[in-house]
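This is input-v7.tsv. It holds TSV, C-alpha atoms.
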```tsv
chain	number	residue	atom	x	y	z
A	1	MET	CA	99.83	72.64	99.47
A	2	ILE	CA	99.03	75.53	101.78
A	3	SER	CA	95.43	76.73	102.01
A	4	VAL	CA	95.52	80.31	103.25
A	5	VAL	CA	92.22	81.04	105.01
A	6	ILE	CA	91.32	84.71	105.50
A	7	PRO	CA	87.99	85.81	107.05
A	8	VAL	CA	87.04	89.37	106.05
A	9	HIS	CA	84.28	91.89	106.70
A	10	ASN	CA	84.10	95.43	105.29
A	11	ARG	CA	87.83	96.18	105.16
A	12	LEU	CA	88.35	96.36	101.42
A	13	ALA	CA	91.65	98.27	101.51
A	14	TYR	CA	93.21	95.93	104.05
A	15	THR	CA	91.97	92.87	102.15
A	16	ARG	CA	93.42	94.16	98.87
A	17	GLN	CA	96.79	94.85	100.49
A	18	CYS	CA	96.92	91.41	102.11
A	19	LEU	CA	96.02	89.60	98.88
A	20	SER	CA	98.64	91.61	96.99
A	21	CYS	CA	101.28	90.38	99.43
A	22	LEU	CA	100.22	86.78	98.90
A	23	SER	CA	100.29	87.19	95.13
A	24	ALA	CA	104.00	88.00	95.37
A	25	GLN	CA	105.04	84.87	97.31
A	26	THR	CA	108.09	82.98	96.11
A	27	TYR	CA	106.53	79.68	97.22
A	28	ARG	CA	103.74	78.97	94.76
A	29	ASP	CA	102.01	75.76	95.92
A	30	PHE	CA	99.18	77.49	97.74
A	31	ARG	CA	95.60	78.63	97.35
A	32	VAL	CA	93.92	81.60	99.00
A	33	ILE	CA	90.44	81.12	100.46
A	34	VAL	CA	88.68	84.33	101.47
A	35	VAL	CA	85.49	83.98	103.50
A	36	ASP	CA	83.66	87.28	103.06
A	37	ASP	CA	81.16	87.42	105.89
A	38	GLY	CA	78.55	89.81	104.57
A	39	SER	CA	80.71	92.75	103.43
A	40	THR	CA	78.80	95.69	101.95
A	41	ASP	CA	81.79	97.74	100.79
A	42	GLY	CA	82.44	95.97	97.47
A	43	THR	CA	85.05	93.55	98.83
A	44	ASP	CA	83.60	90.65	96.83
A	45	THR	CA	83.63	92.59	93.56
A	46	MET	CA	87.21	93.74	94.17
A	47	ILE	CA	88.37	90.16	94.76
A	48	LYS	CA	86.61	88.80	91.65
A	49	THR	CA	88.07	91.58	89.50
A	50	GLU	CA	91.61	91.92	90.86
A	51	PHE	CA	92.30	88.44	92.27
A	52	PRO	CA	90.32	85.99	90.13
A	53	ASP	CA	92.32	82.97	91.36
A	54	VAL	CA	91.22	83.55	94.95
A	55	VAL	CA	88.49	81.21	96.21
A	56	LEU	CA	85.71	83.48	97.46
A	57	ILE	CA	83.10	82.10	99.85
A	58	LYS	CA	80.23	84.35	100.94
A	59	GLY	CA	78.73	84.47	104.43
A	60	ASP	CA	75.62	86.26	105.66
A	61	GLY	CA	77.33	88.43	108.29
A	62	ASN	CA	76.75	86.05	111.18
A	63	LEU	CA	79.81	83.81	110.91
A	64	TRP	CA	82.27	86.03	112.82
A	65	TRP	CA	85.97	85.10	112.85
A	66	THR	CA	85.68	81.58	114.14
A	67	GLU	CA	83.01	80.06	111.95
A	68	ALA	CA	84.28	81.99	108.90
A	69	THR	CA	87.66	80.36	109.46
A	70	ASN	CA	86.02	76.95	109.87
A	71	VAL	CA	84.15	77.44	106.59
A	72	GLY	CA	87.48	78.03	104.83
A	73	ILE	CA	89.07	75.00	106.50
A	74	ARG	CA	86.18	72.73	105.52
A	75	TYR	CA	86.52	73.88	101.93
A	76	ALA	CA	90.26	73.12	102.01
A	77	MET	CA	89.60	69.65	103.43
A	78	LYS	CA	87.47	68.73	100.42
A	79	GLN	CA	90.07	69.65	97.79
A	80	PRO	CA	92.38	67.07	96.15
A	81	ASP	CA	95.99	67.90	96.94
A	82	GLY	CA	98.01	64.99	95.57
A	83	ASN	CA	100.34	63.00	97.78
A	84	GLY	CA	102.13	65.85	99.55
A	85	PRO	CA	101.37	67.27	102.99
A	86	HIS	CA	98.56	69.80	103.28
A	87	PHE	CA	98.50	72.79	105.61
A	88	VAL	CA	96.08	75.52	106.56
A	89	LEU	CA	97.48	78.97	107.23
A	90	THR	CA	95.13	81.22	109.18
A	91	LEU	CA	95.71	84.87	108.42
A	92	ASN	CA	93.95	88.17	109.12
A	93	ASP	CA	93.49	90.78	106.42
A	94	ASP	CA	95.04	93.60	108.50
A	95	THR	CA	98.51	92.16	107.96
A	96	ILE	CA	101.42	92.56	105.56
A	97	VAL	CA	103.90	89.80	104.72
A	98	GLN	CA	107.09	89.66	102.68
A	99	PRO	CA	107.50	87.50	99.51
A	100	ASP	CA	109.42	84.78	101.37
A	101	TYR	CA	106.81	84.42	104.13
A	102	LEU	CA	105.24	81.10	103.10
A	103	GLN	CA	108.61	79.52	102.39
A	104	SER	CA	109.88	80.68	105.78
A	105	MET	CA	106.89	79.11	107.54
A	106	LEU	CA	107.44	75.78	105.77
A	107	ASN	CA	111.14	75.83	106.63
A	108	ALA	CA	110.24	76.29	110.30
A	109	TYR	CA	107.78	73.41	110.15
A	110	ASP	CA	110.40	71.12	108.61
A	111	ALA	CA	112.85	72.04	111.37
A	112	HIS	CA	110.48	71.48	114.32
A	113	GLN	CA	107.71	69.09	113.24
A	114	PRO	CA	105.30	67.89	114.43
A	115	CYS	CA	104.21	71.40	115.30
A	116	LEU	CA	102.08	74.41	114.56
A	117	VAL	CA	104.13	77.39	113.40
A	118	GLY	CA	103.17	80.88	114.52
A	119	SER	CA	104.49	84.17	113.20
A	120	VAL	CA	106.34	86.95	114.91
A	121	SER	CA	104.32	90.17	114.79
A	122	VAL	CA	105.87	93.61	114.44
A	123	ASP	CA	104.30	97.04	114.10
A	124	SER	CA	103.90	97.82	110.39
A	125	THR	CA	104.79	101.47	111.03
A	126	ASN	CA	107.78	100.59	113.23
A	127	PRO	CA	109.14	97.13	112.27
A	128	GLU	CA	111.68	97.24	115.09
A	129	ARG	CA	108.78	97.16	117.56
A	130	LEU	CA	108.10	93.53	118.49
A	131	GLU	CA	104.39	93.08	119.18
A	132	TYR	CA	104.20	89.30	119.57
A	133	ALA	CA	106.69	86.48	120.05
A	134	GLY	CA	104.67	83.88	121.93
A	135	SER	CA	102.95	83.66	125.30
A	136	ALA	CA	103.42	82.01	128.66
A	137	PHE	CA	100.69	81.45	131.24
A	138	GLU	CA	99.67	79.25	134.10
A	139	LEU	CA	96.19	77.83	134.51
A	140	TYR	CA	95.69	78.30	138.24
A	141	THR	CA	95.51	82.06	138.90
A	142	ALA	CA	95.31	83.38	135.30
A	143	GLY	CA	98.88	84.63	135.41
A	144	GLY	CA	100.90	85.03	132.26
A	145	ARG	CA	103.03	87.27	130.12
A	146	HIS	CA	103.87	88.15	126.54
A	147	LEU	CA	107.23	86.63	125.63
A	148	ALA	CA	108.04	89.72	123.55
A	149	ALA	CA	108.84	91.33	126.90
A	150	ASP	CA	111.76	88.91	127.29
A	151	TYR	CA	113.33	90.66	124.30
A	152	GLN	CA	112.41	94.21	125.40
A	153	TYR	CA	109.83	94.32	122.60
A	154	SER	CA	112.68	94.60	120.12
A	155	TYR	CA	112.78	92.45	116.99
A	156	ALA	CA	116.55	92.93	116.74
A	157	ASN	CA	116.95	91.46	120.23
A	158	LEU	CA	114.81	88.46	119.31
A	159	ILE	CA	116.50	87.59	116.03
A	160	GLY	CA	119.88	88.12	117.65
A	161	LYS	CA	119.21	85.51	120.32
A	162	THR	CA	117.11	82.72	118.80
A	163	ASP	CA	115.52	81.37	115.64
A	164	HIS	CA	112.31	80.29	117.38
A	165	VAL	CA	110.33	80.57	120.59
A	166	GLU	CA	108.33	77.81	122.28
A	167	SER	CA	104.90	79.21	123.09
A	168	GLN	CA	101.95	77.94	125.12
A	169	SER	CA	99.40	79.27	122.66
A	170	LEU	CA	99.23	80.76	119.17
A	171	PRO	CA	96.99	83.44	117.62
A	172	GLY	CA	95.11	83.14	114.34
A	173	ARG	CA	97.20	85.97	112.90
A	174	GLY	CA	99.61	83.90	110.81
A	175	THR	CA	99.65	80.30	112.07
A	176	LEU	CA	100.56	77.31	109.90
A	177	ILE	CA	98.54	74.22	110.87
A	178	PRO	CA	99.14	70.72	109.48
A	179	MET	CA	95.84	69.34	108.24
A	180	ASP	CA	96.09	66.26	110.45
A	181	VAL	CA	95.76	68.48	113.54
A	182	PHE	CA	92.07	68.96	112.76
A	183	ALA	CA	91.51	65.20	112.80
A	184	LYS	CA	93.04	64.97	116.28
A	185	ALA	CA	91.93	68.23	117.89
A	186	GLY	CA	88.84	69.22	115.92
A	187	LEU	CA	88.09	72.58	114.28
A	188	PHE	CA	87.89	75.96	115.98
A	189	ASN	CA	85.08	76.06	118.54
A	190	ALA	CA	82.57	78.52	117.07
A	191	GLU	CA	79.86	77.66	119.57
A	192	LYS	CA	81.79	78.86	122.64
A	193	TYR	CA	84.30	81.27	121.05
A	194	ALA	CA	82.53	83.08	118.23
A	195	HIS	CA	85.11	85.80	117.65
A	196	TYR	CA	87.82	86.03	120.32
A	197	MET	CA	89.95	83.35	122.03
A	198	ALA	CA	89.02	80.64	119.52
A	199	ASP	CA	92.58	80.69	118.17
A	200	ILE	CA	94.14	80.49	121.64
A	201	GLU	CA	91.78	77.71	122.73
A	202	PHE	CA	92.40	75.73	119.53
A	203	SER	CA	96.17	75.93	119.86
A	204	ILE	CA	95.96	74.67	123.44
A	205	ARG	CA	93.98	71.65	122.23
A	206	ALA	CA	96.60	71.06	119.54
A	207	LYS	CA	99.35	71.18	122.16
A	208	LYS	CA	97.46	68.64	124.28
A	209	ALA	CA	97.27	66.43	121.17
A	210	GLY	CA	101.06	66.34	121.00
A	211	TYR	CA	102.02	69.24	118.73
A	212	ARG	CA	104.66	71.80	119.65
A	213	LEU	CA	103.68	75.46	119.33
A	214	ILE	CA	106.54	77.29	117.63
A	215	VAL	CA	106.89	81.00	116.90
A	216	ASP	CA	109.39	81.32	114.07
A	217	ALA	CA	111.61	84.38	114.40
A	218	LYS	CA	112.10	84.72	110.64
A	219	SER	CA	108.41	84.49	109.72
A	220	ILE	CA	107.21	88.05	110.20
A	221	VAL	CA	103.70	89.45	110.06
A	222	TYR	CA	103.63	93.24	109.83
A	223	GLU	CA	100.59	94.11	111.89
A	224	ILE	CA	98.47	97.18	111.24
A	225	VAL	CA	98.26	97.84	114.95
A	226	GLN	CA	95.60	100.55	114.86
A	227	ALA	CA	93.19	98.11	113.20
A	228	THR	CA	93.32	95.46	115.92
A	229	GLY	CA	90.61	95.00	118.53
A	230	ILE	CA	93.20	94.99	121.31
A	231	GLN	CA	94.21	98.57	120.52
A	232	VAL	CA	90.59	99.68	120.59
A	233	GLU	CA	90.20	98.10	124.03
A	234	LYS	CA	93.06	100.20	125.41
A	235	GLY	CA	91.18	103.46	124.87
A	236	LEU	CA	87.81	102.49	126.34
A	237	THR	CA	85.77	104.74	128.59
A	238	PHE	CA	84.40	103.25	131.81
A	239	LYS	CA	80.98	102.68	130.20
A	240	GLN	CA	82.54	101.08	127.13
A	241	PHE	CA	84.65	98.88	129.37
A	242	ILE	CA	81.55	97.59	131.18
A	243	ASN	CA	79.77	97.02	127.87
A	244	SER	CA	82.78	95.07	126.58
A	245	PHE	CA	81.92	92.27	129.01
A	246	THR	CA	78.92	91.36	126.84
A	247	SER	CA	80.13	92.38	123.36
A	248	ILE	CA	80.86	89.59	120.89
A	249	LYS	CA	83.57	91.86	119.43
A	250	SER	CA	85.44	92.13	122.73
A	251	PRO	CA	88.31	89.97	124.03
A	252	THR	CA	86.97	90.60	127.55
A	253	ASN	CA	83.58	89.01	126.83
A	254	LEU	CA	82.63	87.27	130.09
A	255	THR	CA	80.97	84.25	128.51
A	256	VAL	CA	84.02	83.52	126.37
A	257	ARG	CA	86.42	83.82	129.29
A	258	TYR	CA	84.14	81.72	131.51
A	259	ASN	CA	84.03	78.97	128.87
A	260	PHE	CA	87.82	79.00	128.66
A	261	ALA	CA	88.16	78.83	132.46
A	262	LEU	CA	85.91	75.78	132.69
A	263	GLU	CA	87.51	73.94	129.77
A	264	HIS	CA	91.21	74.57	130.28
A	265	SER	CA	92.07	76.01	133.70
A	266	ARG	CA	93.09	73.98	136.74
A	267	THR	CA	90.91	75.90	139.17
A	268	LYS	CA	87.79	76.56	137.05
A	269	HIS	CA	85.65	79.23	138.76
A	270	LEU	CA	88.57	80.53	140.82
A	271	TYR	CA	90.58	81.01	137.63
A	272	PHE	CA	87.66	82.94	136.10
A	273	CYS	CA	87.54	85.28	139.11
A	274	PHE	CA	91.31	85.86	138.95
A	275	ASP	CA	91.07	86.45	135.20
A	276	ILE	CA	88.34	89.09	135.44
A	277	GLY	CA	90.06	90.68	138.42
A	278	ARG	CA	93.25	91.01	136.38
A	279	ILE	CA	91.34	92.59	133.49
A	280	CYS	CA	89.62	95.12	135.77
A	281	ALA	CA	92.89	95.98	137.55
A	282	GLY	CA	94.61	96.51	134.21
A	283	PHE	CA	91.86	98.86	133.04
A	284	LEU	CA	91.98	100.90	136.25
A	285	LEU	CA	95.77	101.16	136.15
A	286	ARG	CA	95.65	102.44	132.56
A	287	LYS	CA	93.08	105.04	133.55
A	288	LEU	CA	95.18	106.18	136.53
A	289	ARG	CA	98.25	106.42	134.32
A	290	THR	CA	96.30	108.52	131.81
A	291	VAL	CA	95.11	110.87	134.56
A	292	ARG	CA	98.66	111.31	135.88
A	293	LEU	CA	100.09	111.99	132.44
A	294	GLY	CA	97.26	114.41	131.70
```
Turn this file's structure into structure tokens for me.
Amino acid sequence: MISVVIPVHNRLAYTRQCLSCLSAQTYRDFRVIVVDDGSTDGTDTMIKTEFPDVVLIKGDGNLWWTEATNVGIRYAMKQPDGNGPHFVLTLNDDTIVQPDYLQSMLNAYDAHQPCLVGSVSVDSTNPERLEYAGSAFELYTAGGRHLAADYQYSYANLIGKTDHVESQSLPGRGTLIPMDVFAKAGLFNAEKYAHYMADIEFSIRAKKAGYRLIVDAKSIVYEIVQATGIQVEKGLTFKQFINSFTSIKSPTNLTVRYNFALEHSRTKHLYFCFDIGRICAGFLLRKLRTVRLG
């Protein structure tokens, strides 16, 4: 049994598209759990009308990604699932998957267990463009890189060289998690990572608990790139960039990054300083590049 947990908020069209993809899966032993955190755009009515088999749980608008995901996981934990293994698949609604997606994820788990299985991400408008294939980082000076760069951000290059990538973290955008991981590593940490970095932090805890972090080359998530928070961050003005340090919706939220530095880095406060310095340098370099091109 796979419990697919999808937190949503006011993105009816994306939610409908994502649920339609799941309805077409060739692997059928799964349930979809949508946690609708206070949508006001009719998302709940659409789900009840068009996808009556979907489990719909309502939030009050204050759950954010992390606690909404935990709500779905807790629901899944309480359900009887026979004698077979039980998994949670975390998925965002701004994604598209092919009919063989769930089967592909299970095949990868069988090949590499015990593990968490992450998905390759490609641009939905340009599927050759590899957006994500794992990450590498070190916990001293906040250095790291996207492993997609090793394949020149080309999906053809990736699939031509390997069937999987070993990663040091995994995002919530299409990750298959064996249910026993939660018993060993706990749930996502909603107290310290309300919206961003909860997925990264959780996967690091899972790795410490003895699980490999695999990105399966055949399990593809087609990402609606323009809908992601990361893309929004790239076009920030200087004022917006400064405000992003305190926004719960921002991956550069200082409190979140400070919590991560204290919990998982080797150098604690020094790591935090390196991390924020890297973020500021990246912003300034993007602005300089924009000025030169303009």
>> Here is a test: counting only C-alpha atoms, which residue of A:Val35, A:Leu22, A:Leu288, A:Met197 is nearest to Ile6 (chain A)?
In response: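 For Ile6 (chain A), the nearest of the given residues is A:Val35.
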> Do you know which residues are at most 12 Å from Arg74 (chain A) counting only C-alpha atoms, after dropping those on the same chain fewer than 6 positions away, and could you put them as a PyMOL selection string?
Replying inline: chain A and resi 3+5+33+35+57+67-68+88+179+182-183+186-188
>> Taking (84.0, 100.7, 129.3) in the coordinates of the supplied file, I want to know which residues reach to within 12 Å of it, counting all atoms listed in the file; could you give the answer as a list in words?
In response: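 Residues lying no farther than 12 Å from the given point: Val232, Glu233, Lys234, Gly235, Leu236, Thr237, Phe238, Lys239, Gln240, Phe241, Ile242, Asn243, Ser244, Phe245, Thr246, Ser247, Ser250, Thr252, Asn253, Ile279, Cys280, Phe283, Leu284 and Lys287 of chain A.
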> Pick the closest to Tyr27 (chain A) from A:Met105, A:Met77, A:Ile276, A:Ile96: which is it, counting all atoms listed in the file?
Replying inline: A:Met105
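If you measure from each of A:Gln79, A:Thr66, A:Thr267, A:Ser219 to Ile200 (chain A) using all atoms listed in the file, the closest one turns out to be A:Thr66.
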Show me as a compact mmCIF listing (two decimals) with C-alpha atoms, keeping the file's coordinate frame the residues that reach within 9 Å of (95.1, 98.1, 103.8), counting all atoms listed in the file and using the file's own coordinates.
```
# COMPACT_ATOMS: atom_id res chain seq x y z
CA ARG A 11 87.83 96.18 105.16
CA LEU A 12 88.35 96.36 101.42
CA ALA A 13 91.65 98.27 101.51
CA TYR A 14 93.21 95.93 104.05
CA THR A 15 91.97 92.87 102.15
CA ARG A 16 93.42 94.16 98.87
CA GLN A 17 96.79 94.85 100.49
CA CYS A 18 96.92 91.41 102.11
CA ASP A 93 93.49 90.78 106.42
CA ASP A 94 95.04 93.60 108.50
CA THR A 95 98.51 92.16 107.96
CA ILE A 96 101.42 92.56 105.56
CA ILE A 224 98.47 97.18 111.24
```
Do you know which residues are at most 10 Å from Glu166 (chain A) counting all atoms listed in the file, after dropping those on the same chain fewer than 4 positions away, and could you put them as a PDB file with C-alpha atoms, keeping the file's coordinate frame?
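So result26.pdb came out as:
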```pdb
ATOM      1  CA  VAL A 117     104.130  77.390 113.400  1.00  0.00           C
ATOM      2  CA  GLY A 118     103.170  80.880 114.520  1.00  0.00           C
ATOM      3  CA  ALA A 133     106.690  86.480 120.050  1.00  0.00           C
ATOM      4  CA  GLY A 134     104.670  83.880 121.930  1.00  0.00           C
ATOM      5  CA  SER A 135     102.950  83.660 125.300  1.00  0.00           C
ATOM      6  CA  ALA A 136     103.420  82.010 128.660  1.00  0.00           C
ATOM      7  CA  LEU A 147     107.230  86.630 125.630  1.00  0.00           C
ATOM      8  CA  ARG A 212     104.660  71.800 119.650  1.00  0.00           C
ATOM      9  CA  LEU A 213     103.680  75.460 119.330  1.00  0.00           C
ATOM     10  CA  ILE A 214     106.540  77.290 117.630  1.00  0.00           C
ATOM     11  CA  VAL A 215     106.890  81.000 116.900  1.00  0.00           C
ATOM     12  CA  ASP A 216     109.390  81.320 114.070  1.00  0.00           C
TER      13      ASP A 216
END
```
Extending 8 Å beyond the listed atoms of region 62-68 of chain A on each side, what axis-aligned box results? I want centre and edge lengths in Å to one decimal, as JSON.
```
{"center_x": 81.4, "center_y": 83.1, "center_z": 111.5, "size_x": 25.2, "size_y": 22.0, "size_z": 21.2}
```
> In Å to one decimal, how far is CA of Asp37 (chain A) from CA of His9 (chain A)?
Replying inline: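 CA of Asp37 (chain A) lies at a distance of 5.5 Å from CA of His9 (chain A).
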Starting from the sparse input, extend region 2-13 of chain A to all heavy atoms and give the output as a PDB file, in the coordinates of the input.
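Writing done, so here's selection-v3.pdb:
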```pdb
ATOM      1  N   ILE A   2      99.460  74.702 100.664  1.00  0.00           N
ATOM      2  CA  ILE A   2      99.030  75.530 101.780  1.00  0.00           C
ATOM      3  C   ILE A   2      97.715  76.207 101.385  1.00  0.00           C
ATOM      4  O   ILE A   2      97.640  76.895 100.367  1.00  0.00           O
ATOM      5  CB  ILE A   2     100.062  76.624 102.116  1.00  0.00           C
ATOM      6  CG1 ILE A   2     101.405  76.015 102.499  1.00  0.00           C
ATOM      7  CG2 ILE A   2      99.546  77.506 103.259  1.00  0.00           C
ATOM      8  CD1 ILE A   2     102.497  77.045 102.737  1.00  0.00           C
ATOM      9  N   SER A   3      96.694  76.001 102.185  1.00  0.00           N
ATOM     10  CA  SER A   3      95.430  76.730 102.010  1.00  0.00           C
ATOM     11  C   SER A   3      95.433  77.899 102.974  1.00  0.00           C
ATOM     12  O   SER A   3      95.379  77.709 104.189  1.00  0.00           O
ATOM     13  CB  SER A   3      94.236  75.803 102.286  1.00  0.00           C
ATOM     14  OG  SER A   3      94.129  74.796 101.306  1.00  0.00           O
ATOM     15  N   VAL A   4      95.508  79.102 102.433  1.00  0.00           N
ATOM     16  CA  VAL A   4      95.520  80.310 103.250  1.00  0.00           C
ATOM     17  C   VAL A   4      94.088  80.765 103.456  1.00  0.00           C
ATOM     18  O   VAL A   4      93.407  81.142 102.497  1.00  0.00           O
ATOM     19  CB  VAL A   4      96.346  81.433 102.586  1.00  0.00           C
ATOM     20  CG1 VAL A   4      96.446  82.640 103.520  1.00  0.00           C
ATOM     21  CG2 VAL A   4      97.738  80.931 102.204  1.00  0.00           C
ATOM     22  N   VAL A   5      93.614  80.714 104.693  1.00  0.00           N
ATOM     23  CA  VAL A   5      92.220  81.040 105.010  1.00  0.00           C
ATOM     24  C   VAL A   5      92.163  82.419 105.661  1.00  0.00           C
ATOM     25  O   VAL A   5      92.782  82.650 106.704  1.00  0.00           O
ATOM     26  CB  VAL A   5      91.602  79.979 105.932  1.00  0.00           C
ATOM     27  CG1 VAL A   5      90.181  80.374 106.328  1.00  0.00           C
ATOM     28  CG2 VAL A   5      91.610  78.610 105.255  1.00  0.00           C
ATOM     29  N   ILE A   6      91.412  83.319 105.026  1.00  0.00           N
ATOM     30  CA  ILE A   6      91.320  84.710 105.500  1.00  0.00           C
ATOM     31  C   ILE A   6      89.846  85.097 105.646  1.00  0.00           C
ATOM     32  O   ILE A   6      89.151  85.273 104.642  1.00  0.00           O
ATOM     33  CB  ILE A   6      92.003  85.680 104.521  1.00  0.00           C
ATOM     34  CG1 ILE A   6      93.417  85.210 104.171  1.00  0.00           C
ATOM     35  CG2 ILE A   6      92.031  87.097 105.101  1.00  0.00           C
ATOM     36  CD1 ILE A   6      94.090  86.043 103.096  1.00  0.00           C
ATOM     37  N   PRO A   7      89.346  85.272 106.866  1.00  0.00           N
ATOM     38  CA  PRO A   7      87.990  85.810 107.050  1.00  0.00           C
ATOM     39  C   PRO A   7      88.021  87.329 106.933  1.00  0.00           C
ATOM     40  O   PRO A   7      88.924  87.986 107.468  1.00  0.00           O
ATOM     41  CB  PRO A   7      87.631  85.366 108.469  1.00  0.00           C
ATOM     42  CG  PRO A   7      88.943  85.225 109.175  1.00  0.00           C
ATOM     43  CD  PRO A   7      89.985  84.896 108.134  1.00  0.00           C
ATOM     44  N   VAL A   8      87.054  87.915 106.231  1.00  0.00           N
ATOM     45  CA  VAL A   8      87.040  89.370 106.050  1.00  0.00           C
ATOM     46  C   VAL A   8      85.632  89.912 106.240  1.00  0.00           C
ATOM     47  O   VAL A   8      84.636  89.209 106.033  1.00  0.00           O
ATOM     48  CB  VAL A   8      87.577  89.788 104.658  1.00  0.00           C
ATOM     49  CG1 VAL A   8      88.961  89.212 104.412  1.00  0.00           C
ATOM     50  CG2 VAL A   8      86.631  89.346 103.547  1.00  0.00           C
ATOM     51  N   HIS A   9      85.575  91.203 106.599  1.00  0.00           N
ATOM     52  CA  HIS A   9      84.280  91.890 106.700  1.00  0.00           C
ATOM     53  C   HIS A   9      84.510  93.395 106.613  1.00  0.00           C
ATOM     54  O   HIS A   9      85.069  94.015 107.522  1.00  0.00           O
ATOM     55  CB  HIS A   9      83.584  91.549 108.021  1.00  0.00           C
ATOM     56  CG  HIS A   9      82.278  92.280 108.205  1.00  0.00           C
ATOM     57  ND1 HIS A   9      81.136  91.947 107.496  1.00  0.00           N
ATOM     58  CD2 HIS A   9      81.936  93.336 108.999  1.00  0.00           C
ATOM     59  CE1 HIS A   9      80.149  92.754 107.852  1.00  0.00           C
ATOM     60  NE2 HIS A   9      80.608  93.617 108.751  1.00  0.00           N
ATOM     61  N   ASN A  10      84.124  93.969 105.491  1.00  0.00           N
ATOM     62  CA  ASN A  10      84.100  95.430 105.290  1.00  0.00           C
ATOM     63  C   ASN A  10      85.438  96.110 105.556  1.00  0.00           C
ATOM     64  O   ASN A  10      85.481  97.182 106.164  1.00  0.00           O
ATOM     65  CB  ASN A  10      83.002  96.057 106.158  1.00  0.00           C
ATOM     66  CG  ASN A  10      81.621  95.932 105.527  1.00  0.00           C
ATOM     67  OD1 ASN A  10      81.497  95.639 104.345  1.00  0.00           O
ATOM     68  ND2 ASN A  10      80.590  96.142 106.327  1.00  0.00           N
ATOM     69  N   ARG A  11      86.521  95.518 105.065  1.00  0.00           N
ATOM     70  CA  ARG A  11      87.830  96.180 105.160  1.00  0.00           C
ATOM     71  C   ARG A  11      88.531  96.017 103.817  1.00  0.00           C
ATOM     72  O   ARG A  11      89.611  95.430 103.721  1.00  0.00           O
ATOM     73  CB  ARG A  11      88.653  95.593 106.314  1.00  0.00           C
ATOM     74  CG  ARG A  11      87.960  95.759 107.653  1.00  0.00           C
ATOM     75  CD  ARG A  11      88.912  95.727 108.824  1.00  0.00           C
ATOM     76  NE  ARG A  11      89.605  94.458 108.996  1.00  0.00           N
ATOM     77  CZ  ARG A  11      90.357  94.171 110.067  1.00  0.00           C
ATOM     78  NH1 ARG A  11      90.513  95.067 111.022  1.00  0.00           N
ATOM     79  NH2 ARG A  11      90.956  93.006 110.170  1.00  0.00           N
ATOM     80  N   LEU A  12      87.910  96.571 102.791  1.00  0.00           N
ATOM     81  CA  LEU A  12      88.350  96.360 101.420  1.00  0.00           C
ATOM     82  C   LEU A  12      89.821  96.696 101.226  1.00  0.00           C
ATOM     83  O   LEU A  12      90.567  95.930 100.610  1.00  0.00           O
ATOM     84  CB  LEU A  12      87.475  97.179 100.469  1.00  0.00           C
ATOM     85  CG  LEU A  12      87.684  96.968  98.967  1.00  0.00           C
ATOM     86  CD1 LEU A  12      86.383  97.268  98.209  1.00  0.00           C
ATOM     87  CD2 LEU A  12      88.787  97.871  98.405  1.00  0.00           C
ATOM     88  N   ALA A  13      90.262  97.846 101.726  1.00  0.00           N
ATOM     89  CA  ALA A  13      91.650  98.270 101.510  1.00  0.00           C
ATOM     90  C   ALA A  13      92.634  97.313 102.162  1.00  0.00           C
ATOM     91  O   ALA A  13      93.669  96.965 101.568  1.00  0.00           O
ATOM     92  CB  ALA A  13      91.849  99.688 102.052  1.00  0.00           C
TER      93      ALA A  13
END
```
